[in-house]
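Pasted below: coords37.cif, mmCIF, C-alpha atoms.
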data_data
#
loop_
_atom_site.label_atom_id
_atom_site.label_comp_id
_atom_site.auth_asym_id
_atom_site.auth_seq_id
_atom_site.Cartn_x
_atom_site.Cartn_y
_atom_site.Cartn_z
CA MET A 1109 0.29 22.46 35.19
CA GLN A 1110 -3.40 22.97 35.80
CA LYS A 1111 -5.96 20.27 35.23
CA LYS A 1112 -8.51 21.78 32.91
CA ILE A 1113 -11.84 21.31 31.13
CA GLN A 1114 -14.75 19.00 31.78
CA THR A 1115 -14.68 16.85 34.89
CA ILE A 1116 -18.40 16.37 35.54
CA PHE A 1117 -21.42 16.84 33.27
CA ASN A 1118 -24.75 16.55 35.03
CA TYR A 1119 -28.18 15.47 33.86
CA ALA A 1120 -28.87 16.67 30.32
CA LEU A 1121 -26.79 17.62 27.33
CA ALA A 1122 -28.33 19.09 24.20
CA PHE A 1123 -25.05 19.03 22.34
CA PHE A 1124 -25.97 20.09 18.83
CA ILE A 1125 -28.76 20.59 16.38
CA SER A 1126 -28.60 17.86 13.79
CA PRO A 1127 -30.48 16.57 10.77
CA VAL A 1128 -32.80 13.60 11.03
CA PHE A 1129 -32.74 10.83 8.45
CA CYS A 1130 -34.96 11.67 5.50
CA VAL A 1131 -35.21 11.19 1.77
CA ALA A 1132 -33.40 14.04 0.01
CA TYR A 1133 -32.44 13.04 -3.52
CA SER A 1134 -30.19 15.23 -5.59
CA HIS A 1135 -29.12 13.54 -8.79
CA SER A 1136 -29.57 10.25 -6.93
CA GLN A 1137 -27.42 11.37 -4.00
CA GLN A 1138 -29.31 10.66 -0.77
CA LEU A 1139 -28.01 11.62 2.64
CA VAL A 1140 -28.19 8.53 4.89
CA LEU A 1141 -25.33 8.98 7.39
CA PRO A 1142 -25.31 12.63 8.51
CA ALA A 1143 -22.14 14.06 10.09
CA ASP A 1144 -18.56 12.98 9.46
CA HIS A 1145 -18.46 9.40 8.11
CA PRO A 1146 -15.55 9.28 5.65
CA ASP A 1147 -14.82 6.22 3.51
CA PRO A 1148 -18.02 4.31 4.38
CA SER A 1149 -18.27 0.58 3.79
CA VAL A 1150 -21.41 -1.57 3.72
CA VAL A 1151 -22.25 -5.28 3.59
CA LYS A 1152 -25.41 -7.38 3.85
CA ILE A 1153 -25.41 -9.94 6.66
CA GLY A 1154 -28.61 -11.97 6.92
CA ALA A 1155 -31.56 -9.61 6.60
CA GLU A 1156 -29.60 -6.55 7.77
CA TYR A 1157 -27.02 -4.18 6.34
CA TRP A 1158 -23.96 -3.17 8.35
CA ALA A 1159 -21.77 -0.14 7.75
CA ALA A 1160 -18.66 1.52 9.19
CA GLY A 1161 -16.55 4.57 8.39
CA THR A 1162 -13.24 6.23 9.23
CA THR A 1163 -12.81 7.48 12.80
CA SER A 1164 -9.20 8.67 12.30
CA ASN A 1165 -7.85 9.94 15.64
CA TRP A 1166 -11.14 9.61 17.53
CA PHE A 1167 -11.86 6.64 19.73
CA PRO A 1168 -13.55 4.11 20.07
CA ALA A 1169 -12.58 3.12 16.53
CA PHE A 1170 -14.99 2.34 13.70
CA THR A 1171 -18.55 2.88 14.89
CA LEU A 1172 -20.81 0.14 13.53
CA TYR A 1173 -24.22 0.95 12.05
CA ARG A 1174 -27.07 -1.41 11.20
CA SER A 1175 -30.04 -0.92 8.86
CA ASN A 1176 -32.88 -2.82 7.22
CA ASP A 1177 -33.19 -0.52 4.22
CA LEU A 1178 -29.80 1.23 3.60
CA VAL A 1179 -31.40 4.56 4.53
CA ASN A 1180 -32.20 4.47 8.25
CA TRP A 1181 -29.13 3.56 10.30
CA LYS A 1182 -28.64 2.94 14.01
CA ALA A 1183 -25.30 3.01 15.82
CA SER A 1184 -24.61 -0.47 17.23
CA GLY A 1185 -21.22 -0.52 18.92
CA HIS A 1186 -17.63 -0.26 17.75
CA VAL A 1187 -14.96 -2.53 16.31
CA PHE A 1188 -12.17 -1.50 18.71
CA ASN A 1189 -12.64 -0.24 22.24
CA GLN A 1190 -8.89 -0.25 22.72
CA MET A 1191 -6.17 0.38 20.18
CA PRO A 1192 -4.72 -2.71 18.44
CA ALA A 1193 -1.36 -3.53 20.03
CA TRP A 1194 0.63 -2.77 16.86
CA ALA A 1195 -0.94 0.63 16.03
CA ASP A 1196 -0.96 4.08 17.59
CA TYR A 1197 -3.26 6.35 15.50
CA TYR A 1198 -4.92 7.04 12.10
CA MET A 1199 -7.67 4.44 12.11
CA TRP A 1200 -8.87 4.82 8.53
CA ALA A 1201 -10.99 3.30 5.78
CA PRO A 1202 -12.69 0.24 7.32
CA GLU A 1203 -14.05 -2.33 4.87
CA ILE A 1204 -16.61 -4.66 6.45
CA THR A 1205 -17.24 -8.00 4.71
CA TYR A 1206 -18.94 -11.33 5.42
CA GLU A 1207 -17.97 -14.81 4.29
CA ASN A 1208 -18.59 -18.36 5.54
CA GLY A 1209 -20.15 -17.24 8.81
CA LYS A 1210 -17.34 -14.84 9.70
CA VAL A 1211 -17.32 -11.05 9.67
CA TYR A 1212 -14.02 -9.54 8.53
CA LEU A 1213 -13.10 -5.91 8.88
CA TYR A 1214 -10.08 -4.63 6.95
CA TYR A 1215 -8.69 -1.27 7.97
CA THR A 1216 -5.73 1.10 7.93
CA GLY A 1217 -3.70 2.07 10.98
CA HIS A 1218 -0.36 3.73 11.67
CA LYS A 1219 2.23 1.23 12.90
CA LYS A 1220 4.20 2.23 15.98
CA GLY A 1221 7.54 3.54 14.76
CA GLY A 1222 6.57 2.77 11.16
CA SER A 1223 4.19 3.71 8.38
CA LEU A 1224 0.53 3.26 7.49
CA CYS A 1225 -0.45 -0.42 7.22
CA ILE A 1226 -3.51 -2.35 6.09
CA ALA A 1227 -4.74 -4.89 8.64
CA ALA A 1228 -7.65 -7.20 9.40
CA ALA A 1229 -9.93 -8.15 12.29
CA VAL A 1230 -12.50 -10.96 12.59
CA ALA A 1231 -15.72 -11.58 14.52
CA ASP A 1232 -18.43 -14.23 14.68
CA ARG A 1233 -21.15 -11.56 14.63
CA PRO A 1234 -21.23 -8.11 13.01
CA GLU A 1235 -21.63 -6.40 16.40
CA GLY A 1236 -18.49 -8.17 17.62
CA PRO A 1237 -16.42 -8.68 19.63
CA TYR A 1238 -13.64 -8.37 17.04
CA ARG A 1239 -10.25 -10.06 17.28
CA ASP A 1240 -7.41 -8.19 15.60
CA LEU A 1241 -5.34 -10.26 13.15
CA GLY A 1242 -2.56 -7.71 12.72
CA PRO A 1243 -0.99 -5.96 9.72
CA LEU A 1244 -1.07 -7.46 6.23
CA MET A 1245 1.06 -4.93 4.32
CA CYS A 1246 3.22 -2.01 5.47
CA GLU A 1247 5.00 -0.32 2.55
CA ALA A 1248 7.58 2.36 3.27
CA ASP A 1249 5.33 5.09 1.81
CA GLY A 1250 2.27 3.62 3.53
CA SER A 1251 -0.45 1.14 2.56
CA ILE A 1252 -4.13 2.15 2.82
CA ASP A 1253 -7.68 1.46 1.59
CA ALA A 1254 -7.85 -2.34 1.87
CA PHE A 1255 -10.50 -4.26 -0.08
CA PRO A 1256 -10.74 -8.08 -0.37
CA MET A 1257 -11.85 -9.75 -3.60
CA ARG A 1258 -11.87 -13.24 -5.08
CA ASP A 1259 -10.67 -13.65 -8.65
CA GLU A 1260 -12.43 -15.52 -11.45
CA GLN A 1261 -11.10 -18.84 -10.07
CA GLY A 1262 -12.15 -18.05 -6.51
CA LYS A 1263 -8.67 -17.21 -5.21
CA LEU A 1264 -8.70 -14.60 -2.44
CA TYR A 1265 -6.84 -11.32 -3.04
CA MET A 1266 -6.22 -8.11 -1.15
CA ILE A 1267 -6.57 -4.85 -3.10
CA TRP A 1268 -5.00 -1.66 -1.72
CA LYS A 1269 -3.39 1.66 -2.53
CA GLU A 1270 0.26 2.48 -1.98
CA ASP A 1271 0.24 5.91 -0.33
CA GLY A 1272 2.89 7.42 -2.59
CA ASN A 1273 1.15 10.80 -2.73
CA SER A 1274 2.23 11.38 0.89
CA LYS A 1275 5.82 11.40 -0.42
CA GLY A 1276 5.18 13.16 -3.73
CA LYS A 1277 5.12 9.85 -5.64
CA PRO A 1278 2.52 7.96 -7.75
CA THR A 1279 -0.30 6.00 -6.07
CA PRO A 1280 -0.56 2.55 -7.68
CA ILE A 1281 -3.43 0.20 -6.88
CA TRP A 1282 -2.04 -3.22 -5.96
CA ALA A 1283 -3.44 -6.75 -5.68
CA GLN A 1284 -1.82 -9.68 -3.88
CA GLU A 1285 -3.07 -13.11 -2.89
CA MET A 1286 -4.20 -13.36 0.75
CA LYS A 1287 -4.25 -16.30 3.14
CA GLU A 1288 -7.71 -17.69 3.80
CA ASP A 1289 -7.29 -16.98 7.52
CA ARG A 1290 -6.53 -13.32 6.68
CA THR A 1291 -3.27 -13.32 8.65
CA GLY A 1292 -0.91 -12.58 5.75
CA LEU A 1293 -0.34 -12.17 2.02
CA LEU A 1294 1.16 -14.69 -0.41
CA GLY A 1295 3.37 -14.38 -3.48
CA VAL A 1296 4.10 -11.00 -5.04
CA LYS A 1297 1.94 -7.93 -5.58
CA LYS A 1298 0.68 -6.90 -9.02
CA GLU A 1299 -0.31 -3.41 -10.10
CA LEU A 1300 -3.88 -3.06 -11.37
CA PHE A 1301 -3.85 0.61 -12.45
CA ARG A 1302 -2.78 4.10 -11.40
CA ALA A 1303 -3.72 7.73 -12.12
CA ASP A 1304 -3.32 8.51 -15.83
CA SER A 1305 -6.22 10.87 -16.65
CA PRO A 1306 -6.22 14.66 -16.16
CA TRP A 1307 -9.30 14.66 -13.88
CA GLU A 1308 -7.55 12.22 -11.49
CA LYS A 1309 -4.82 14.79 -10.77
CA GLY A 1310 -2.18 12.16 -10.08
CA LEU A 1311 -4.05 10.23 -7.39
CA VAL A 1312 -6.37 7.19 -7.30
CA GLU A 1313 -7.52 5.43 -4.12
CA GLY A 1314 -10.45 3.92 -2.25
CA VAL A 1315 -11.02 1.01 -4.63
CA SER A 1316 -14.01 -1.32 -4.15
CA ILE A 1317 -15.00 -4.03 -6.62
CA ILE A 1318 -18.18 -5.82 -7.67
CA GLN A 1319 -18.41 -8.76 -10.11
CA ARG A 1320 -21.27 -9.09 -12.57
CA GLN A 1321 -21.94 -10.69 -15.95
CA GLY A 1322 -18.37 -11.79 -16.53
CA TYR A 1323 -16.73 -8.50 -15.55
CA PHE A 1324 -15.12 -7.01 -12.48
CA TYR A 1325 -16.12 -3.37 -11.92
CA ALA A 1326 -13.85 -1.22 -9.78
CA PHE A 1327 -15.19 1.96 -8.18
CA TYR A 1328 -12.36 4.30 -7.29
CA ALA A 1329 -11.83 7.82 -6.00
CA ALA A 1330 -9.41 10.30 -7.54
CA ALA A 1331 -7.89 13.76 -6.97
CA ALA A 1332 -7.89 15.62 -3.61
CA CYS A 1333 -10.16 14.10 -0.98
CA CYS A 1334 -10.47 16.63 1.75
CA GLY A 1335 -11.04 20.15 2.98
CA LYS A 1336 -12.17 23.38 1.37
CA THR A 1337 -10.07 22.85 -1.77
CA CYS A 1338 -11.08 19.20 -2.38
CA SER A 1339 -11.51 18.01 -5.96
CA TYR A 1340 -12.57 14.40 -5.38
CA GLY A 1341 -14.65 12.42 -7.84
CA THR A 1342 -15.57 8.80 -8.54
CA GLY A 1343 -14.41 6.77 -11.49
CA VAL A 1344 -15.14 3.25 -12.73
CA ALA A 1345 -12.88 0.69 -14.42
CA GLN A 1346 -13.60 -2.83 -15.68
CA ALA A 1347 -11.71 -6.05 -16.35
CA LYS A 1348 -12.56 -9.64 -17.26
CA ASN A 1349 -9.85 -10.90 -14.92
CA LEU A 1350 -9.18 -9.49 -11.47
CA LEU A 1351 -5.48 -9.00 -12.21
CA GLY A 1352 -6.29 -7.17 -15.41
CA PRO A 1353 -5.85 -5.65 -17.83
CA TRP A 1354 -8.13 -2.91 -16.50
CA GLU A 1355 -9.93 -0.37 -18.69
CA LYS A 1356 -11.24 2.91 -17.31
CA PHE A 1357 -14.64 4.23 -18.37
CA PRO A 1358 -14.16 6.97 -21.01
CA GLY A 1359 -16.90 9.06 -19.39
CA ASN A 1360 -15.26 9.24 -15.95
CA PRO A 1361 -15.91 10.68 -13.45
CA VAL A 1362 -19.26 8.97 -12.96
CA LEU A 1363 -19.89 10.99 -9.79
CA ALA A 1364 -18.83 14.63 -9.48
CA ASP A 1365 -19.95 17.86 -7.83
CA ASN A 1366 -23.58 18.92 -8.18
CA ALA A 1367 -25.80 21.64 -6.73
CA ASP A 1368 -25.89 20.14 -3.23
CA TRP A 1369 -22.84 17.93 -2.76
CA LYS A 1370 -19.16 18.16 -3.63
CA CYS A 1371 -16.18 15.81 -3.77
CA PRO A 1372 -18.10 12.49 -3.85
CA GLY A 1373 -16.09 9.30 -3.51
CA HIS A 1374 -14.57 6.37 -1.62
CA GLY A 1375 -17.36 3.94 -0.92
CA THR A 1376 -18.67 0.41 -1.46
CA PRO A 1377 -21.29 -1.02 -3.85
CA VAL A 1378 -24.07 -3.20 -2.44
CA GLU A 1379 -27.10 -5.04 -3.83
CA LYS A 1380 -30.62 -4.80 -2.37
CA ASP A 1381 -33.67 -6.56 -3.81
CA GLY A 1382 -32.03 -6.90 -7.21
CA ARG A 1383 -31.04 -3.22 -7.38
CA PHE A 1384 -27.55 -1.79 -6.90
CA TYR A 1385 -26.41 1.06 -4.69
CA TYR A 1386 -23.18 2.83 -3.83
CA LEU A 1387 -22.54 4.10 -0.29
CA TYR A 1388 -19.86 6.81 -0.27
CA HIS A 1389 -19.02 10.19 1.23
CA GLY A 1390 -19.32 13.81 0.13
CA TYR A 1391 -19.31 17.35 1.51
CA SER A 1392 -22.56 19.26 1.77
CA LYS A 1393 -22.27 22.58 -0.05
CA ALA A 1394 -24.43 24.09 2.70
CA SER A 1395 -22.11 23.16 5.59
CA GLY A 1396 -18.84 22.77 3.66
CA ALA A 1397 -15.83 21.12 5.22
CA TYR A 1398 -17.12 21.94 8.71
CA GLY A 1399 -19.95 19.41 8.34
CA GLY A 1400 -17.51 16.64 7.51
CA ARG A 1401 -17.65 14.00 4.81
CA GLN A 1402 -21.21 12.69 5.11
CA GLY A 1403 -22.57 9.30 4.07
CA LEU A 1404 -24.48 9.36 0.76
CA LEU A 1405 -26.34 6.65 -1.13
CA SER A 1406 -26.79 6.52 -4.92
CA GLU A 1407 -28.42 3.87 -7.10
CA PHE A 1408 -26.70 2.64 -10.24
CA THR A 1409 -27.50 0.22 -13.02
CA PHE A 1410 -25.51 -1.77 -15.55
CA THR A 1411 -25.77 -0.62 -19.18
CA LYS A 1412 -26.11 -2.62 -22.39
CA ASP A 1413 -22.62 -1.61 -23.53
CA GLY A 1414 -21.03 -3.31 -20.50
CA TRP A 1415 -20.56 -0.30 -18.22
CA LEU A 1416 -22.67 1.22 -15.47
CA GLN A 1417 -24.42 4.50 -14.81
CA PHE A 1418 -25.89 6.27 -11.81
CA ILE A 1419 -29.63 6.84 -11.91
CA ASP A 1420 -31.05 10.34 -11.71
CA GLN A 1421 -34.00 10.12 -9.32
CA PRO A 1422 -35.40 13.61 -8.76
CA GLY A 1423 -37.63 13.90 -5.74
CA ASN A 1424 -37.76 15.77 -2.47
CA LYS A 1425 -34.72 18.04 -2.62
CA GLY A 1426 -35.71 20.23 0.29
CA PRO A 1427 -33.44 20.89 3.27
CA VAL A 1428 -32.88 18.22 5.87
CA VAL A 1429 -35.00 19.00 8.92
CA PRO A 1430 -32.91 19.78 12.03
CA THR A 1431 -33.68 18.25 15.40
CA THR A 1432 -32.32 18.37 18.92
CA VAL A 1433 -30.10 15.62 20.29
CA ILE A 1434 -30.26 15.19 24.07
CA ASP A 1435 -28.19 12.86 26.23
CA LEU A 1436 -29.48 12.39 29.78
CA PHE A 1437 -26.63 10.00 30.67
CA ALA A 1438 -29.30 7.62 31.92
CA GLY A 1439 -27.37 4.39 31.29
CA SER A 1440 -24.20 2.95 32.71
CA GLN A 1441 -21.90 3.86 29.82
CA LEU A 1442 -21.44 6.50 27.15
CA ALA A 1443 -23.66 6.28 24.09
CA ASP A 1444 -22.01 5.16 20.84
CA ALA A 1445 -22.03 8.70 19.44
CA TRP A 1446 -19.46 9.92 21.99
CA HIS A 1447 -15.76 9.85 21.11
CA TRP A 1448 -12.45 11.07 22.49
CA SER A 1449 -8.92 11.63 21.23
CA VAL A 1450 -6.71 8.57 20.70
CA PHE A 1451 -3.93 10.58 22.31
CA GLN A 1452 -5.85 10.96 25.59
CA PRO A 1453 -6.10 8.33 28.36
CA VAL A 1454 -9.69 9.37 29.00
CA ARG A 1455 -11.39 7.83 32.01
CA ALA A 1456 -15.15 8.32 32.00
CA LYS A 1457 -17.90 7.18 34.35
CA VAL A 1458 -21.65 7.36 33.74
CA ALA A 1459 -24.05 6.94 36.65
CA GLN A 1460 -27.16 8.62 38.05
CA ASN A 1461 -27.66 10.90 35.05
CA THR A 1462 -24.13 12.19 35.37
CA LEU A 1463 -21.03 11.96 33.21
CA GLN A 1464 -17.81 12.22 35.18
CA LEU A 1465 -14.43 12.67 33.49
CA GLN A 1466 -11.14 12.40 35.31
CA ALA A 1467 -9.22 15.60 34.65
CA LEU A 1468 -5.99 15.48 32.64
CA PRO A 1469 -3.01 17.84 32.69
CA GLY A 1470 -2.48 20.03 29.66
CA ASN A 1471 -4.22 22.95 28.02
CA GLY A 1472 -6.82 20.76 26.35
CA GLY A 1473 -7.71 18.80 29.46
CA ALA A 1474 -10.00 15.76 29.24
CA TYR A 1475 -12.97 15.80 26.89
CA VAL A 1476 -15.46 13.70 24.99
CA GLY A 1477 -17.25 14.95 21.90
CA ARG A 1478 -19.90 14.31 19.28
CA SER A 1479 -19.78 15.08 15.58
CA VAL A 1480 -21.17 18.36 14.26
CA MET A 1481 -24.16 17.74 11.99
CA ALA A 1482 -25.08 21.23 10.83
CA VAL A 1483 -23.29 24.45 9.98
CA HIS A 1484 -25.40 26.37 12.52
CA TYR A 1485 -26.30 24.82 15.85
CA GLU A 1486 -26.62 25.47 19.59
CA ALA A 1487 -25.09 23.47 22.43
CA GLN A 1488 -25.91 23.38 26.11
CA VAL A 1489 -24.49 21.56 29.12
CA THR A 1490 -25.49 21.43 32.78
CA LEU A 1491 -22.56 21.32 35.23
CA GLN A 1492 -22.32 20.18 38.81
CA LYS A 1493 -21.25 22.90 41.21
CA ASN A 1494 -18.97 20.65 43.25
CA SER A 1495 -16.40 20.13 40.51
CA THR A 1496 -12.88 20.90 41.72
CA ALA A 1497 -11.58 21.49 38.18
CA GLN A 1498 -12.68 23.70 35.34
CA ALA A 1499 -15.62 22.21 33.43
CA GLY A 1500 -17.53 23.37 30.41
CA LEU A 1501 -18.31 23.15 26.73
CA ALA A 1502 -15.85 23.02 23.82
CA LEU A 1503 -15.60 23.23 20.05
CA VAL A 1504 -12.84 20.73 19.35
CA GLY A 1505 -10.71 20.34 16.24
CA ASP A 1506 -8.03 18.28 17.95
CA ASP A 1507 -5.99 18.33 21.16
CA LYS A 1508 -4.17 21.50 20.11
CA ASN A 1509 -6.97 23.36 18.36
CA MET A 1510 -10.17 24.18 20.21
CA VAL A 1511 -12.29 26.85 21.81
CA TYR A 1512 -13.91 26.22 25.17
CA ALA A 1513 -15.92 27.98 27.84
CA SER A 1514 -15.32 26.69 31.34
CA VAL A 1515 -16.71 27.43 34.78
CA HIS A 1516 -14.61 27.37 37.94
CA LYS A 1517 -15.41 28.94 41.29
CA ASN A 1518 -18.43 30.75 39.80
CA LYS A 1519 -16.34 32.39 37.07
CA ILE A 1520 -16.63 31.79 33.33
CA ARG A 1521 -13.45 31.51 31.31
CA LEU A 1522 -13.25 31.54 27.49
CA VAL A 1523 -10.10 29.96 26.01
CA GLN A 1524 -8.86 29.44 22.47
CA LEU A 1525 -6.10 26.90 21.80
CA LYS A 1526 -4.38 27.24 18.44
CA LYS A 1527 -1.34 25.34 17.31
CA THR A 1528 1.41 27.65 16.11
CA MET A 1529 2.96 26.58 12.81
CA LYS A 1530 6.73 26.67 12.69
CA PRO A 1531 8.18 28.79 9.85
CA CYS A 1532 9.77 26.86 7.00
#
Show the structure stored in the file as structure tokens.
Amino acid sequence: MQKKIQTIFNYALAFFISPVFCVAYSHSQQLVLPADHPDPSVVKIGAEYWAAGTTSNWFPAFTLYRSNDLVNWKASGHVFNQMPAWADYYMWAPEITYENGKVYLYYTGHKKGGSLCIAAAVADRPEGPYRDLGPLMCEADGSIDAFPMRDEQGKLYMIWKEDGNSKGKPTPIWAQEMKEDRTGLLGVKKELFRADSPWEKGLVEGVSIIQRQGYFYAFYAAAACCGKTCSYGTGVAQAKNLLGPWEKFPGNPVLADNADWKCPGHGTPVEKDGRFYYLYHGYSKASGAYGGRQGLLSEFTFTKDGWLQFIDQPGNKGPVVPTTVIDLFAGSQLADAWHWSVFQPVRAKVAQNTLQLQALPGNGGAYVGRSVMAVHYEAQVTLQKNSTAQAGLALVGDDKNMVYASVHKNKIRLVQLKKTMKPC
């Protein structure tokens, strides 16, 4: 079997045209994390804010971002540079938190030979290094979307969703007491709520909770999260006690499609200077599913009747200005924006303005990639002539779905890989 695709990139790579960070309000929805950043989480640590989002089957897992203002973010490392020993893929829904001088990151991963599990990792600093603490809950149908919360007496609980929808079943939201060292759960789980409204379409998930003025407020996502036919929205529920009973806001969803963004949901509330914001994801109507679920920020306030509402802040609603991203490979390692498939044993070397990849057998070969940030863009790569394998530029969906142009022995080859679906 031939060894294919990129072995050596040389000097400069203008990989895509992407938007810069700018203020672009649309019914209070501000783009702050362009490109694919599903299920974003945010926490304040000292004077800074830290965020992370789903990386799924791309590695390193859970890129960390830091910001002083919740709007301008800078990539600052990753949580996992190698897969946790118990997991094999699907690194989803990180929830970054801070308590008593420790940074905890709760996440979802697929257990080897098992199902989806919620797990935890800990670090002394937000930039890491992180030490994995292992799985906390692995239900037969899968456990996802972990969120920690203390009850009205200060007892620590884990909140999560049972992934019943993957098996055609309901999706209850559970709570169970958690050990203070985050290595396990205690007692028995208790259901908080489940989908029971028409707009939720049988599915609730992505719960995050904030406590204020004697109430717990749960933000949750409902309906179909992903792709061209998504129907996601955000709802709110409240309770005086963490374990309930919970009451859903009669006016749900509190976030839904608008002129610029669709399928908003699955995020985390955060406070800044006495004001409250929600960091979550949505699809741009301009780029659609191909632009990924991008990180949005909306401000909300608490109302006199004990609920909350998002604030309409009309302002600059013009298009995000595109820019060129160039990587000269000037350092000694890949920049944080580069990722590769969790199913590939990629071996990369960066030196002297050159990226070198060790070729892999298989039609997809070895590759690294960056997220697409715009529906229309150009990409360029400069190749060394002394490569002994095919090298080039690819549009990658996954290992079995891509289009690439490669050069070998002064000939250009265009290849499309497309997974063939087996008939039912």
Legend entry - Residues within 9 Å of region 1346-1351 of chain A, all atoms listed in the file, excluding chain neighbours under 2 positions, as number ranges by chain: A: 1257-1260, 1265, 1283, 1298-1300, 1322-1326, 1344, 1353-1357, 1414-1415
Legend entry - Nearest residue to Gly1272 (chain A) from the set A:Asp1147, A:Asp1368, A:Glu1247, A:Asp1507 (distances using only C-alpha atoms): A:Glu1247
Inset, instruction - Find the residue from A:Ala1254, A:Val1179, A:Ala1329, A:Ala1303 that sits nearest to Tyr1157 (chain A); use only C-alpha atoms when measuring. - result: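 With only C-alpha atoms as the atom set, the closest residue is A:Val1179.
Counting all atoms listed in the file, Phe1451 (chain A) has the following residues at most 9 Å away, ignoring those fewer than 4 positions along the same chain: Asn1165, Trp1166, Asp1196, Tyr1197 and Asp1507 of chain A.
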Inset, instruction - Pull out every residue that the PyMOL selection byres ((chain A and resi 1371) around 9) matches in the shown coordinates and put them as a ChimeraX atom specification. - result: /A:1332-1334,1338-1342,1363-1365,1369-1370,1372-1373,1389-1391,1401
Inset, instruction - Evaluate the PyMOL selection byres ((chain A and resi 1175) around 12) and record the selected residues as a list of chain:residue names, following the chain and residue labels used in the document. - result: A:Val1140, A:Leu1141, A:Val1150, A:Val1151, A:Lys1152, A:Ile1153, A:Gly1154, A:Ala1155, A:Glu1156, A:Tyr1157, A:Trp1158, A:Ala1159, A:Ala1160, A:Leu1172, A:Tyr1173, A:Arg1174, A:Asn1176, A:Asp1177, A:Leu1178, A:Val1179, A:Asn1180, A:Trp1181, A:Lys1182, A:Ala1183, A:Ser1184, A:Lys1380
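You can rank A:Leu1503, A:Asn1461, A:Ala1497, A:Ala1195 by their closest distance to Gly1477 (chain A) using only C-alpha atoms, and at the top of that list sits A:Leu1503.
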Legend entry - Exercise: Gly1505 (chain A) partners within 12 Å, all atoms listed in the file, chain neighbours under 5 positions left out, as number ranges by chain: A: 1165-1166, 1398, 1400, 1448-1449, 1472, 1475-1480, 1510-1512, 1524-1527
Inset, instruction - Check the smallest atom-to-atom distance from each of A:His1145, A:Lys1519, A:His1186, A:Lys1277 to Ala1443 (chain A) using only C-alpha atoms, then report the winner. - result: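 Of A:His1145, A:Lys1519, A:His1186, A:Lys1277, the one nearest Ala1443 (chain A), counting only C-alpha atoms, is A:His1186.
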Inset, instruction - Name every residue that the PyMOL selection byres ((chain A and resi 1518) around 12) selects in this structure, writing the answer as a PyMOL selection string with chains first and numbers rising. - result: chain A and resi 1491-1500+1514-1517+1519-1521
Suppose we keep C-alpha atoms; can you now write the selection as an mmCIF file, in the frame of the given file?
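Okay, part.cif is ready:
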data_model
loop_
_atom_site.group_PDB
_atom_site.id
_atom_site.type_symbol
_atom_site.label_atom_id
_atom_site.label_comp_id
_atom_site.auth_asym_id
_atom_site.auth_seq_id
_atom_site.Cartn_x
_atom_site.Cartn_y
_atom_site.Cartn_z
ATOM 1 C CA LEU A 1491 -22.560 21.320 35.230
ATOM 2 C CA GLN A 1492 -22.320 20.180 38.810
ATOM 3 C CA LYS A 1493 -21.250 22.900 41.210
ATOM 4 C CA ASN A 1494 -18.970 20.650 43.250
ATOM 5 C CA SER A 1495 -16.400 20.130 40.510
ATOM 6 C CA THR A 1496 -12.880 20.900 41.720
ATOM 7 C CA ALA A 1497 -11.580 21.490 38.180
ATOM 8 C CA GLN A 1498 -12.680 23.700 35.340
ATOM 9 C CA ALA A 1499 -15.620 22.210 33.430
ATOM 10 C CA GLY A 1500 -17.530 23.370 30.410
ATOM 11 C CA SER A 1514 -15.320 26.690 31.340
ATOM 12 C CA VAL A 1515 -16.710 27.430 34.780
ATOM 13 C CA HIS A 1516 -14.610 27.370 37.940
ATOM 14 C CA LYS A 1517 -15.410 28.940 41.290
ATOM 15 C CA LYS A 1519 -16.340 32.390 37.070
ATOM 16 C CA ILE A 1520 -16.630 31.790 33.330
ATOM 17 C CA ARG A 1521 -13.450 31.510 31.310
#
Legend entry - Counting all atoms listed in the file, the option among A:Arg1383, A:Lys1269, A:Lys1263, A:Lys1336 closest to Ser1406 (chain A): A:Arg1383
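Residues in contact range of Asn1189 (chain A), defined as at most 12 Å between all atoms listed in the file, with sequence neighbours fewer than 5 positions away removed, read Trp1166, Phe1167, Pro1168, Ala1169, Phe1170, Thr1171, Leu1172, Gly1236, Pro1237, Tyr1238, Arg1239, Asp1240, Asp1444, His1447, Trp1448 and Val1450 of chain A.
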Legend entry - Selected residue of minimal separation from Thr1205 (chain A) among A:Leu1293, A:Cys1246, A:Val1378, A:Ala1502, counting all atoms listed in the file: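 Closest to Thr1205 (chain A) of all the choices is A:Val1378.
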Inset, instruction - Rounded to one decimal place, report the CA of Met1266 (chain A)-CA of Val1230 (chain A) distance in Å. - result: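 Taking CA of Met1266 (chain A) as the start and CA of Val1230 (chain A) as the end point, the length is 15.4 Å.
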Please provide as a PDB file with C-alpha atoms, in the coordinates of the input all residues within 6 Å of Glu1407 (chain A), with the sequence filter that same-chain residues fewer than 2 positions apart are discarded (counting all atoms listed in the file).
ATOM      1  CA  PHE A1384     -27.550  -1.790  -6.900  1.00  0.00           C
ATOM      2  CA  TYR A1385     -26.410   1.060  -4.690  1.00  0.00           C
ATOM      3  CA  PHE A1418     -25.890   6.270 -11.810  1.00  0.00           C
ATOM      4  CA  ILE A1419     -29.630   6.840 -11.910  1.00  0.00           C
TER       5      ILE A1419
END
